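With PDB, C-alpha atoms inside, this is upload24.pdb:
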```
MODEL        1
ATOM      1  CA  MET W   1    -109.924  43.825  41.502
ATOM      2  CA  ILE W   2    -111.137  42.495  38.166
ATOM      3  CA  THR W   3    -114.830  42.719  37.334
ATOM      4  CA  VAL W   4    -116.350  40.726  34.511
ATOM      5  CA  ASN W   5    -119.830  41.545  33.244
ATOM      6  CA  LEU W   6    -121.367  38.550  31.509
ATOM      7  CA  TYR W   7    -124.561  39.081  29.534
ATOM      8  CA  TYR W   8    -126.428  35.806  29.048
ATOM      9  CA  THR W   9    -129.078  35.959  26.322
ATOM     10  CA  GLY W  10    -131.573  33.305  25.331
ATOM     11  CA  THR W  11    -135.208  32.897  24.352
ATOM     12  CA  ASN W  12    -138.427  32.037  26.176
ATOM     13  CA  GLY W  13    -137.083  33.255  29.523
ATOM     14  CA  ASN W  14    -134.154  30.821  29.465
ATOM     15  CA  ALA W  15    -131.603  33.353  30.731
ATOM     16  CA  LYS W  16    -133.675  33.927  33.873
ATOM     17  CA  LYS W  17    -134.210  30.182  34.264
ATOM     18  CA  PHE W  18    -130.442  29.704  34.072
ATOM     19  CA  ALA W  19    -129.833  32.310  36.793
ATOM     20  CA  GLN W  20    -132.577  30.811  38.953
ATOM     21  CA  GLU W  21    -131.068  27.336  38.628
ATOM     22  CA  MET W  22    -127.585  28.662  39.414
ATOM     23  CA  GLU W  23    -129.027  30.105  42.636
ATOM     24  CA  SER W  24    -131.417  27.302  43.626
ATOM     25  CA  SER W  25    -128.839  24.557  43.007
ATOM     26  CA  GLY W  26    -126.305  26.257  45.267
ATOM     27  CA  THR W  27    -123.810  26.652  42.420
ATOM     28  CA  ALA W  28    -123.756  30.446  42.734
ATOM     29  CA  ASP W  29    -123.115  30.188  46.487
ATOM     30  CA  LYS W  30    -120.235  27.773  45.865
ATOM     31  CA  ILE W  31    -118.678  30.292  43.490
ATOM     32  CA  ARG W  32    -119.164  33.092  46.024
ATOM     33  CA  ALA W  33    -117.300  30.930  48.562
ATOM     34  CA  GLU W  34    -114.293  30.410  46.280
ATOM     35  CA  LYS W  35    -111.076  32.062  47.378
ATOM     36  CA  GLY W  36    -110.704  35.444  45.704
ATOM     37  CA  ASN W  37    -114.348  35.918  44.703
ATOM     38  CA  VAL W  38    -115.542  39.397  45.636
ATOM     39  CA  ARG W  39    -118.951  39.514  43.967
ATOM     40  CA  TYR W  40    -121.245  37.173  42.060
ATOM     41  CA  GLU W  41    -124.683  38.698  41.410
ATOM     42  CA  TYR W  42    -127.346  38.426  38.731
ATOM     43  CA  PHE W  43    -129.342  41.404  37.438
ATOM     44  CA  PHE W  44    -132.169  41.714  34.923
ATOM     45  CA  PRO W  45    -132.036  44.589  32.395
ATOM     46  CA  MET W  46    -135.352  46.421  32.274
ATOM     47  CA  ASN W  47    -135.216  46.887  28.497
ATOM     48  CA  ASP W  48    -134.302  43.293  27.557
ATOM     49  CA  PRO W  49    -136.354  40.494  29.168
ATOM     50  CA  GLU W  50    -134.285  37.786  27.434
ATOM     51  CA  THR W  51    -130.959  38.854  28.967
ATOM     52  CA  VAL W  52    -129.443  38.394  32.407
ATOM     53  CA  LEU W  53    -126.378  40.313  33.553
ATOM     54  CA  LEU W  54    -123.915  38.564  35.857
ATOM     55  CA  ILE W  55    -121.470  40.827  37.673
ATOM     56  CA  ASP W  56    -118.552  38.609  38.657
ATOM     57  CA  ALA W  57    -115.631  40.212  40.524
ATOM     58  CA  TRP W  58    -112.345  38.664  41.639
ATOM     59  CA  GLU W  59    -109.340  39.817  43.657
ATOM     60  CA  SER W  60    -106.865  38.846  40.927
ATOM     61  CA  GLN W  61    -106.327  37.118  37.603
ATOM     62  CA  GLU W  62    -104.887  34.177  39.526
ATOM     63  CA  ALA W  63    -108.190  33.733  41.379
ATOM     64  CA  ILE W  64    -110.060  33.797  38.044
ATOM     65  CA  ASP W  65    -107.650  31.230  36.595
ATOM     66  CA  VAL W  66    -108.220  28.868  39.548
ATOM     67  CA  HIS W  67    -111.985  29.304  39.129
ATOM     68  CA  HIS W  68    -111.771  28.600  35.396
ATOM     69  CA  ALA W  69    -109.749  25.436  36.072
ATOM     70  CA  SER W  70    -112.252  24.151  38.651
ATOM     71  CA  ALA W  71    -114.931  21.500  38.156
ATOM     72  CA  MET W  72    -117.446  24.313  38.707
ATOM     73  CA  MET W  73    -116.898  25.453  35.109
ATOM     74  CA  ALA W  74    -118.248  22.144  33.758
ATOM     75  CA  THR W  75    -121.430  22.679  35.775
ATOM     76  CA  ILE W  76    -121.806  26.223  34.438
ATOM     77  CA  ALA W  77    -121.095  25.144  30.850
ATOM     78  CA  SER W  78    -123.670  22.359  31.139
ATOM     79  CA  LEU W  79    -126.325  24.807  32.317
ATOM     80  CA  ARG W  80    -125.461  27.261  29.531
ATOM     81  CA  GLU W  81    -126.016  24.448  27.034
ATOM     82  CA  LYS W  82    -129.222  23.304  28.749
ATOM     83  CA  TYR W  83    -130.701  26.780  28.347
ATOM     84  CA  ASP W  84    -129.039  27.467  24.942
ATOM     85  CA  LEU W  85    -127.523  30.759  26.065
ATOM     86  CA  HIS W  86    -125.249  33.096  24.151
ATOM     87  CA  MET W  87    -122.814  35.399  25.927
ATOM     88  CA  ARG W  88    -121.274  38.831  25.655
ATOM     89  CA  VAL W  89    -118.439  39.708  28.028
ATOM     90  CA  GLU W  90    -116.988  42.988  29.322
ATOM     91  CA  ARG W  91    -113.955  43.093  31.599
ATOM     92  CA  TYR W  92    -112.878  45.941  33.894
ATOM     93  CA  ILE W  93    -109.934  46.509  36.199
ATOM     94  CA  SER W  94    -110.806  48.648  39.217
ATOM     95  CA  GLU W  95    -108.989  51.788  40.182
ATOM     96  CA  ASP W  96    -109.541  54.305  42.956
ATOM     97  CA  LEU W  97    -112.307  56.821  42.323
ATOM     98  CA  PRO W  98    -110.829  60.211  41.353
ATOM     99  CA  ASP W  99    -111.462  63.115  43.719
ATOM    100  CA  SER W 100    -113.251  64.946  40.902
ATOM    101  CA  ASP W 101    -115.956  62.249  40.912
ATOM    102  CA  GLN W 102    -116.527  62.277  44.675
ATOM    103  CA  GLY W 103    -118.986  65.192  44.477
ATOM    104  CA  PHE W 104    -121.342  63.120  42.318
ATOM    105  CA  ILE W 105    -121.559  60.167  44.724
ATOM    106  CA  ARG W 106    -124.274  60.099  47.359
ATOM    107  CA  VAL W 107    -123.466  57.646  50.129
TER     108      VAL W 107
ENDMDL
END
```
With the file now loaded, output its structure as structure tokens.
Amino acid sequence: MITVNLYYTGTNGNAKKFAQEMESSGTADKIRAEKGNVRYEYFFPMNDPETVLLIDAWESQEAIDVHHASAMMATIASLREKYDLHMRVERYISEDLPDSDQGFIRV
């Protein structure tokens, strides 16, 4: 699994407005329904009211490539422009949790 953390930053609450419009317009749900999407969730950092974190996870690079080639990306890009957002991206590839970490996890 590949997880991409996207930090959207704007001014005057625009990052939150972007996330709200992604949800209320149904765009986020359409992305969640795409083949290979594992997770698509927005979070709000407590120490930065002008940033929204999107955790976006996919089964494979191929699934990400199909998503990036879809018409959905034009919708997302248009909303980013509408709200004048800047982005920072982190990318992670999942691996099994080591046994040594199991003792620190409360399920």
Exercise for the section: Tell me which of W:Arg39, W:His67, W:Arg91, W:His86 sits closest to Ala15 of chain W, counting all atoms listed in the file. Expected result: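 Residue with the minimum atom-to-atom distance to Ala15 of chain W: W:His86.
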May I have a table of the residues of segment 29-57 of chain W lying at most 10 Å from segment 3-12 of chain W, giving each one's closest pair of atoms and their distance in Å to one decimal, counting only C-alpha atoms, ordered by chain and ascending residue number, as CSV?
```
residue,atom,partner,partner_atom,distance
W:Val38,CA,W:Thr3,CA,9.0
W:Arg39,CA,W:Thr3,CA,8.4
W:Tyr40,CA,W:Val4,CA,9.7
W:Glu41,CA,W:Asn5,CA,9.9
W:Tyr42,CA,W:Leu6,CA,9.4
W:Phe43,CA,W:Tyr7,CA,9.5
W:Phe44,CA,W:Tyr7,CA,9.7
W:Pro45,CA,W:Tyr7,CA,9.7
W:Asp48,CA,W:Thr9,CA,9.1
W:Pro49,CA,W:Thr9,CA,9.0
W:Glu50,CA,W:Thr9,CA,5.6
W:Thr51,CA,W:Thr9,CA,4.3
W:Val52,CA,W:Tyr8,CA,5.2
W:Leu53,CA,W:Tyr7,CA,4.6
W:Leu54,CA,W:Leu6,CA,5.0
W:Ile55,CA,W:Asn5,CA,4.8
W:Asp56,CA,W:Val4,CA,5.1
W:Ala57,CA,W:Thr3,CA,4.1
```
Handout entry: Coordinates-based distance that separates atom CA of Gln61 of chain W from atom CA of Glu34 of chain W (Å, one decimal)
Key = 13.6 Å
Problem - Atomic separation - atom CA of Asn37 of chain W relative to atom CA of Asn14 of chain W, Å - result: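 So the answer is 25.5 Å.
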Practice task
Can you turn the PyMOL selection byres ((chain W and resi 79) around 12) into a concrete residue list for this file, as a ChimeraX atom specification?
Solution key: /W:8,14-23,25,27,72-78,80-86
Exercise for the section: In Å, rounded to a single decimal, give me how far atom CA of Asp29 of chain W is from atom CA of His68 of chain W. Expected result: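 Atom-to-atom, atom CA of His68 of chain W and atom CA of Asp29 of chain W are spaced 15.9 Å apart.
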Using only the atoms of segment 21-38 of chain W listed in the file, plus 8 Å on each side, state the axis-aligned box centre and edge lengths in Å rounded to one decimal, as JSON.
```
{"center_x": -121.1, "center_y": 32.0, "center_z": 43.6, "size_x": 36.7, "size_y": 30.8, "size_z": 25.9}
```
Practice task
Pick out the closest residue to Tyr92 of chain W from this set: W:Ala71, W:Ser60, W:Gly26, W:Ile105. Count all atoms listed in the file.
Solution key: W:Ser60
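The nearest approach to Val66 of chain W among the residues W:Lys35, W:Arg106, W:Ser24, W:Met1, with only C-alpha atoms taken into account, belongs to W:Lys35.
For the choices W:Gly13, W:Pro98, W:Gly36, W:Gly103, the atom-to-atom distance to Ala63 of chain W is smallest for W:Gly36 when using only C-alpha atoms.
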